[in-house]
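Visitor: The structure under discussion is supplied below as structure tokens; questions concerning it will follow.
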Amino acid sequence: MVSPELARHLTEISRQLNRQVGVLLGREGTVRNVIVGDAHSLTLPDIGRLRGGVGRFRGLRLVHTHLKGEPLTRDDLNDLALLRLDLVAMIEVLDSGLPGRVELAHLAPLDPDAEPFERIQAPDVHQLRFDVDATMQALEAEFARLASDAGETDKERALVVGIVHEDEHFEEMLELVRSAGVAIAGTVRQKRSQVHPRTVVGTGKLQEIVLEAMRGLATVAVFDIDLKPAQARAFEDATGLKAIDRTQLILDVFAQRARSRDGKLQVELAQLKYSLPRLTEKDAGLSRLTGGIGGRGPGETVVEIGRRRIRDRIRALEKQVEGLSRQRDLRRRRRREEGVPVLSIIGYTNAGKSTLLNAMTGSEVEAASKLFMTLDPTSRRLRFPREGEVVITDTVGFIADLPPDLVAAFRATLEELADADLLLHVVDAADPRLEQKLEAVQRILAELHLDEAPRLIVLNKTDLLPPHETQALARRFAGVAVSAAKRRGLGELVHAAEERLGRGKPLMKTYGEGASQAELV
């Protein structure tokens, strides 16, 4: 760990200065840094960000003095975990200036039920029996074995960090992470009364996050709130983990789901609007001036060029989205001229909207128990017994606190709702957060000035509830109970929709008894 000569040198200087003194040693034994602190602590220099794979160590060990021989402090263990040092060691400074008791700590093999640190003590450096090289090789081999056993080396692994206190909010965040195709390596919850202004969480929680990330072989920390650019960067610098906030995660899910040209344009627009202010927060290392014609004089920095290009791209995308909006408006105008009623299926994400569309129309729209499975609006024509031909449209799912950039980018898509004759608000009847999700959708409709639009509550997934609960919910919300997966209650839904549309006289001959009340045109 340290030679007796270096140990004595450190303690003699420490006694003369009455300060803690330490060195950072490489694995080959050379001194990389010398640190002088005060009587109680020392501050490590910036040693750069950790590079390498999951479970890699820094290749540096900290050996420093304690004037009163006090045990390794919490700050020492924080440095060990956050900087991923090979080890941290304390050498007691005796009154004579000679080295006394020795204590060291290193990260223990990953065991969630055990202490994360292994401590070793000795009366003096001569009696310390510890092989640094053999221990570090064994630890890194253990990490490599765990990574191999995980079997998901091609799948990003994330540690989910909960800042919001509500359990339901955190559960939804976990579902978002799964929908993004990311493996959940572990979770950490924060209990602070307010968010840390610099690193989001406090120093003690940072240590816990690093240890949990190492246990779970995570390379990403996903937060259930939106982060300021400076907070994300400070967290990444402190932990070596990539920081992803809630909006970034939702944007990533949207990017994976977009299939049509319309959807891809709108997702790119939302991503650029999100990244533009964050580009301005990059470090000064990007402030290199351009040269050549047009670049002389004050010139443009690299950051300014990046910002200008993003703004140009945003303007180009907005023009294309505006063109899409005009095309949609033309199609809506034609439908109005034909007098074809339009029903739009809305609701919280993963409520079963696409499954309902498939059940009513016999379509094969992709549906799965994942958030934001539908991103591109899908329209189908349908015949109702009384209304005749109608158009039914499936839309993107809503979510609480939908990022403003997403609402703005998907304006052209959401405009479809404004011309709907009836909104079919699909709700997961078996969801314990049914009321909160109803309110979240109501808030978004209010933001879109659609809160007064005609609406019919459709209580889906009632096959998961006892009949008496289903009936009570239907009465409470004046809705229709259906099971889209089991194709139950669709006739009642069609009848109720016709009643809400307000036409009493049939537009076509009704079907005979036992026949389906809706058919795909």
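Every chain in the structure tokens has a letter given in the order shown (A, B, ...), and although residue numbers restart at 1 in each chain, ligands are simply numbered from 1 in the order shown.
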Please run DSSP on the backbone and report, as an MDAnalysis selection string, all residues within segment 11-180 of chain A that come out as strand (DSSP E).
Guide: chainID A and resid 21:26 31:36 60:66 87:93 99:107 117:122 157:162
Visitor: Excluding Val200 of chain A and residues on its chain fewer than 3 positions from it, collect all residues at most 8 Å away from it, counting only C-alpha atoms, and give them as a compact mmCIF listing (two decimals) with N, CA and C atoms, in the first residue's frame.
Guide:
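Below is the file around_23.txt, written as the result:
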```txt
# COMPACT_ATOMS: atom_id res chain seq x y z
N VAL A 195 -34.66 20.03 -3.56
CA VAL A 195 -33.61 19.53 -4.45
C VAL A 195 -32.31 20.29 -4.22
N HIS A 196 -31.20 19.55 -4.19
CA HIS A 196 -29.89 20.20 -4.05
C HIS A 196 -29.66 21.07 -5.28
N PRO A 197 -29.31 22.37 -5.08
CA PRO A 197 -29.21 23.28 -6.24
C PRO A 197 -28.11 22.92 -7.23
N LEU A 227 -34.06 18.19 -15.08
CA LEU A 227 -32.82 18.75 -14.52
C LEU A 227 -32.41 20.00 -15.27
N GLN A 231 -27.04 21.26 -13.37
CA GLN A 231 -27.23 20.16 -12.41
C GLN A 231 -26.84 18.82 -13.03
N PHE A 235 -23.76 16.54 -11.63
CA PHE A 235 -24.01 15.16 -11.21
C PHE A 235 -23.12 14.19 -11.98
```
Visitor: Distance atom CA of Ala134 of chain A-atom CA of Ala89 of chain A, one decimal place?
Guide: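 Here the two named atoms are 16.9 Å from each other.
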Visitor: Compile the contact shell of Asp421 of chain A as a PyMOL selection string: residues with an atom at most 9 Å away, counting only C-alpha atoms, same-chain residues fewer than 6 positions apart removed.
Guide: chain A and resi 341-344+453-455+501
Visitor: Which residue, A:Leu82, A:Val426, A:Leu330, A:Ala183, has the smallest gap to Thr203 of chain A when you use only C-alpha atoms?
Guide: A:Leu82
Visitor: Could you check the closest approach to Asp463 of chain A for each of A:Ala429, A:Val222, A:Leu357, A:Val494 and tell me which residue wins, using only C-alpha atoms?
Guide: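 Closest candidate: A:Ala429.
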Visitor: Mind checking DSSP for segment 166-337 of chain A and telling me the helix (DSSP H, G or I) residues as a VMD selection string?
Guide: chain A and resid 167 to 179 203 to 216 229 to 239 246 to 257 261 to 279 284 to 286 302 to 337
Visitor: Using only C-alpha atoms, can you tell me which of A:Arg381, A:Arg157, A:Gln207, A:Thr187 comes closest to Arg74 of chain A?
Guide: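 Among A:Arg381, A:Arg157, A:Gln207, A:Thr187, it is A:Gln207 that comes nearest to Arg74 of chain A.
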Visitor: Which polymer residues have any atom within 12 Å of an atom of Ala420 of chain A, counting only C-alpha atoms, with same-chain residues fewer than 2 positions away left out, as a PDB file with N, CA, C and O atoms, in the first residue's frame?
Guide:
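Okay, result_32.pdb is ready:
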```
ATOM      1  N   ARG A 332     -59.812  17.572 -42.891  1.00  0.00           N
ATOM      2  CA  ARG A 332     -60.923  17.799 -41.960  1.00  0.00           C
ATOM      3  C   ARG A 332     -62.056  18.565 -42.640  1.00  0.00           C
ATOM      4  O   ARG A 332     -63.236  18.293 -42.415  1.00  0.00           O
ATOM      5  N   ARG A 333     -61.683  19.538 -43.488  1.00  0.00           N
ATOM      6  CA  ARG A 333     -62.698  20.322 -44.186  1.00  0.00           C
ATOM      7  C   ARG A 333     -63.514  19.425 -45.110  1.00  0.00           C
ATOM      8  O   ARG A 333     -64.740  19.557 -45.206  1.00  0.00           O
ATOM      9  N   ARG A 335     -64.077  16.244 -44.703  1.00  0.00           N
ATOM     10  CA  ARG A 335     -64.956  15.408 -43.896  1.00  0.00           C
ATOM     11  C   ARG A 335     -66.175  16.201 -43.423  1.00  0.00           C
ATOM     12  O   ARG A 335     -67.288  15.680 -43.371  1.00  0.00           O
ATOM     13  N   ARG A 336     -65.941  17.492 -43.056  1.00  0.00           N
ATOM     14  CA  ARG A 336     -67.066  18.321 -42.625  1.00  0.00           C
ATOM     15  C   ARG A 336     -68.067  18.517 -43.759  1.00  0.00           C
ATOM     16  O   ARG A 336     -69.273  18.508 -43.545  1.00  0.00           O
ATOM     17  N   VAL A 340     -69.419  13.725 -42.297  1.00  0.00           N
ATOM     18  CA  VAL A 340     -69.013  12.489 -41.617  1.00  0.00           C
ATOM     19  C   VAL A 340     -68.605  12.826 -40.179  1.00  0.00           C
ATOM     20  O   VAL A 340     -67.662  13.584 -39.972  1.00  0.00           O
ATOM     21  N   PRO A 341     -69.314  12.275 -39.179  1.00  0.00           N
ATOM     22  CA  PRO A 341     -68.917  12.533 -37.785  1.00  0.00           C
ATOM     23  C   PRO A 341     -67.528  11.951 -37.492  1.00  0.00           C
ATOM     24  O   PRO A 341     -67.151  10.912 -38.046  1.00  0.00           O
ATOM     25  N   VAL A 342     -66.789  12.631 -36.615  1.00  0.00           N
ATOM     26  CA  VAL A 342     -65.440  12.195 -36.242  1.00  0.00           C
ATOM     27  C   VAL A 342     -65.407  11.912 -34.748  1.00  0.00           C
ATOM     28  O   VAL A 342     -65.803  12.757 -33.937  1.00  0.00           O
ATOM     29  N   LEU A 343     -64.929  10.721 -34.380  1.00  0.00           N
ATOM     30  CA  LEU A 343     -64.725  10.353 -32.979  1.00  0.00           C
ATOM     31  C   LEU A 343     -63.231  10.194 -32.750  1.00  0.00           C
ATOM     32  O   LEU A 343     -62.559   9.489 -33.499  1.00  0.00           O
ATOM     33  N   SER A 344     -62.700  10.866 -31.738  1.00  0.00           N
ATOM     34  CA  SER A 344     -61.275  10.760 -31.413  1.00  0.00           C
ATOM     35  C   SER A 344     -61.111  10.033 -30.089  1.00  0.00           C
ATOM     36  O   SER A 344     -61.759  10.395 -29.092  1.00  0.00           O
ATOM     37  N   ILE A 345     -60.271   9.005 -30.100  1.00  0.00           N
ATOM     38  CA  ILE A 345     -59.978   8.256 -28.874  1.00  0.00           C
ATOM     39  C   ILE A 345     -58.822   8.949 -28.159  1.00  0.00           C
ATOM     40  O   ILE A 345     -57.735   9.115 -28.715  1.00  0.00           O
ATOM     41  N   ILE A 346     -59.059   9.393 -26.940  1.00  0.00           N
ATOM     42  CA  ILE A 346     -58.019  10.046 -26.148  1.00  0.00           C
ATOM     43  C   ILE A 346     -57.886   9.301 -24.825  1.00  0.00           C
ATOM     44  O   ILE A 346     -58.696   8.429 -24.504  1.00  0.00           O
ATOM     45  N   VAL A 390     -68.828   6.849 -39.911  1.00  0.00           N
ATOM     46  CA  VAL A 390     -68.104   7.776 -39.036  1.00  0.00           C
ATOM     47  C   VAL A 390     -66.618   7.487 -39.193  1.00  0.00           C
ATOM     48  O   VAL A 390     -66.214   6.436 -39.711  1.00  0.00           O
ATOM     49  N   VAL A 391     -65.799   8.457 -38.753  1.00  0.00           N
ATOM     50  CA  VAL A 391     -64.348   8.271 -38.729  1.00  0.00           C
ATOM     51  C   VAL A 391     -63.916   8.215 -37.272  1.00  0.00           C
ATOM     52  O   VAL A 391     -64.303   9.072 -36.466  1.00  0.00           O
ATOM     53  N   ILE A 392     -63.156   7.195 -36.909  1.00  0.00           N
ATOM     54  CA  ILE A 392     -62.661   7.053 -35.540  1.00  0.00           C
ATOM     55  C   ILE A 392     -61.139   7.115 -35.571  1.00  0.00           C
ATOM     56  O   ILE A 392     -60.497   6.465 -36.402  1.00  0.00           O
ATOM     57  N   THR A 393     -60.566   7.951 -34.701  1.00  0.00           N
ATOM     58  CA  THR A 393     -59.127   8.250 -34.730  1.00  0.00           C
ATOM     59  C   THR A 393     -58.483   7.909 -33.400  1.00  0.00           C
ATOM     60  O   THR A 393     -59.001   8.285 -32.339  1.00  0.00           O
ATOM     61  N   ASP A 394     -57.375   7.205 -33.455  1.00  0.00           N
ATOM     62  CA  ASP A 394     -56.564   6.911 -32.273  1.00  0.00           C
ATOM     63  C   ASP A 394     -55.469   7.961 -32.185  1.00  0.00           C
ATOM     64  O   ASP A 394     -54.850   8.311 -33.198  1.00  0.00           O
ATOM     65  N   THR A 395     -55.226   8.500 -30.987  1.00  0.00           N
ATOM     66  CA  THR A 395     -54.236   9.576 -30.836  1.00  0.00           C
ATOM     67  C   THR A 395     -53.151   9.174 -29.843  1.00  0.00           C
ATOM     68  O   THR A 395     -53.263   8.160 -29.153  1.00  0.00           O
ATOM     69  N   LEU A 414     -52.463  17.208 -32.449  1.00  0.00           N
ATOM     70  CA  LEU A 414     -53.509  17.441 -31.461  1.00  0.00           C
ATOM     71  C   LEU A 414     -54.625  18.324 -31.998  1.00  0.00           C
ATOM     72  O   LEU A 414     -55.711  18.368 -31.417  1.00  0.00           O
ATOM     73  N   GLU A 415     -54.339  19.046 -33.107  1.00  0.00           N
ATOM     74  CA  GLU A 415     -55.394  19.842 -33.727  1.00  0.00           C
ATOM     75  C   GLU A 415     -56.560  18.967 -34.171  1.00  0.00           C
ATOM     76  O   GLU A 415     -57.689  19.429 -34.289  1.00  0.00           O
ATOM     77  N   GLU A 416     -56.286  17.692 -34.449  1.00  0.00           N
ATOM     78  CA  GLU A 416     -57.344  16.769 -34.862  1.00  0.00           C
ATOM     79  C   GLU A 416     -58.463  16.725 -33.810  1.00  0.00           C
ATOM     80  O   GLU A 416     -59.640  16.545 -34.145  1.00  0.00           O
ATOM     81  N   LEU A 417     -58.078  16.874 -32.540  1.00  0.00           N
ATOM     82  CA  LEU A 417     -59.067  16.772 -31.476  1.00  0.00           C
ATOM     83  C   LEU A 417     -60.061  17.922 -31.514  1.00  0.00           C
ATOM     84  O   LEU A 417     -61.209  17.775 -31.091  1.00  0.00           O
ATOM     85  N   ALA A 418     -59.628  19.092 -32.009  1.00  0.00           N
ATOM     86  CA  ALA A 418     -60.491  20.268 -31.997  1.00  0.00           C
ATOM     87  C   ALA A 418     -61.715  20.078 -32.880  1.00  0.00           C
ATOM     88  O   ALA A 418     -62.777  20.653 -32.615  1.00  0.00           O
ATOM     89  N   LEU A 422     -66.927  14.026 -31.095  1.00  0.00           N
ATOM     90  CA  LEU A 422     -67.010  13.382 -29.786  1.00  0.00           C
ATOM     91  C   LEU A 422     -65.644  12.827 -29.416  1.00  0.00           C
ATOM     92  O   LEU A 422     -64.972  12.210 -30.241  1.00  0.00           O
ATOM     93  N   LEU A 423     -65.232  13.064 -28.165  1.00  0.00           N
ATOM     94  CA  LEU A 423     -63.982  12.507 -27.641  1.00  0.00           C
ATOM     95  C   LEU A 423     -64.315  11.278 -26.801  1.00  0.00           C
ATOM     96  O   LEU A 423     -65.094  11.369 -25.843  1.00  0.00           O
ATOM     97  N   LEU A 424     -63.758  10.136 -27.180  1.00  0.00           N
ATOM     98  CA  LEU A 424     -63.903   8.924 -26.380  1.00  0.00           C
ATOM     99  C   LEU A 424     -62.725   8.857 -25.418  1.00  0.00           C
ATOM    100  O   LEU A 424     -61.602   8.521 -25.798  1.00  0.00           O
ATOM    101  N   LEU A 450     -59.797  22.442 -25.019  1.00  0.00           N
ATOM    102  CA  LEU A 450     -60.742  21.406 -25.434  1.00  0.00           C
ATOM    103  C   LEU A 450     -61.551  20.870 -24.250  1.00  0.00           C
ATOM    104  O   LEU A 450     -62.202  19.836 -24.367  1.00  0.00           O
ATOM    105  N   GLU A 452     -64.209  21.880 -22.997  1.00  0.00           N
ATOM    106  CA  GLU A 452     -65.660  21.934 -23.183  1.00  0.00           C
ATOM    107  C   GLU A 452     -66.133  21.013 -24.307  1.00  0.00           C
ATOM    108  O   GLU A 452     -67.322  20.984 -24.633  1.00  0.00           O
ATOM    109  N   ALA A 453     -65.217  20.298 -24.956  1.00  0.00           N
ATOM    110  CA  ALA A 453     -65.604  19.426 -26.071  1.00  0.00           C
ATOM    111  C   ALA A 453     -66.453  18.262 -25.561  1.00  0.00           C
ATOM    112  O   ALA A 453     -66.261  17.783 -24.436  1.00  0.00           O
ATOM    113  N   PRO A 454     -67.441  17.787 -26.369  1.00  0.00           N
ATOM    114  CA  PRO A 454     -68.259  16.641 -25.960  1.00  0.00           C
ATOM    115  C   PRO A 454     -67.386  15.419 -25.692  1.00  0.00           C
ATOM    116  O   PRO A 454     -66.499  15.107 -26.487  1.00  0.00           O
ATOM    117  N   ARG A 455     -67.660  14.765 -24.571  1.00  0.00           N
ATOM    118  CA  ARG A 455     -66.776  13.676 -24.178  1.00  0.00           C
ATOM    119  C   ARG A 455     -67.572  12.526 -23.581  1.00  0.00           C
ATOM    120  O   ARG A 455     -68.560  12.746 -22.890  1.00  0.00           O
ATOM    121  N   LEU A 501     -73.754  11.881 -29.876  1.00  0.00           N
ATOM    122  CA  LEU A 501     -73.688  12.630 -31.133  1.00  0.00           C
ATOM    123  C   LEU A 501     -75.007  13.352 -31.411  1.00  0.00           C
ATOM    124  O   LEU A 501     -75.033  14.296 -32.218  1.00  0.00           O
TER     125      LEU A 501
END
```
Visitor: Do you know which residues are at most 9 Å from segment 238-245 of chain A counting only C-alpha atoms, after dropping those on the same chain fewer than 5 positions away, and could you put them as a ChimeraX atom specification?
Guide: /A:49-51,81-84,199,206-207,209-210,213,218-227,232-233,250
Visitor: Interatomic distance between atom CA of Lys461 of chain A and atom CA of Val160 of chain A?
Guide: 28.7 Å
Visitor: For atom CA of Arg19 of chain A and atom CA of Glu103 of chain A, quote the distance in Å rounded to one decimal.
Guide: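 Straight-line distance from atom CA of Arg19 of chain A to atom CA of Glu103 of chain A works out to 18.3 Å.
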Visitor: With distances taken over only C-alpha atoms, which of A:Gln320, A:Ser483, A:Ser179, A:Thr470 is nearest to Leu251 of chain A?
Guide: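 For Leu251 of chain A, the nearest of the candidates is A:Ser179.
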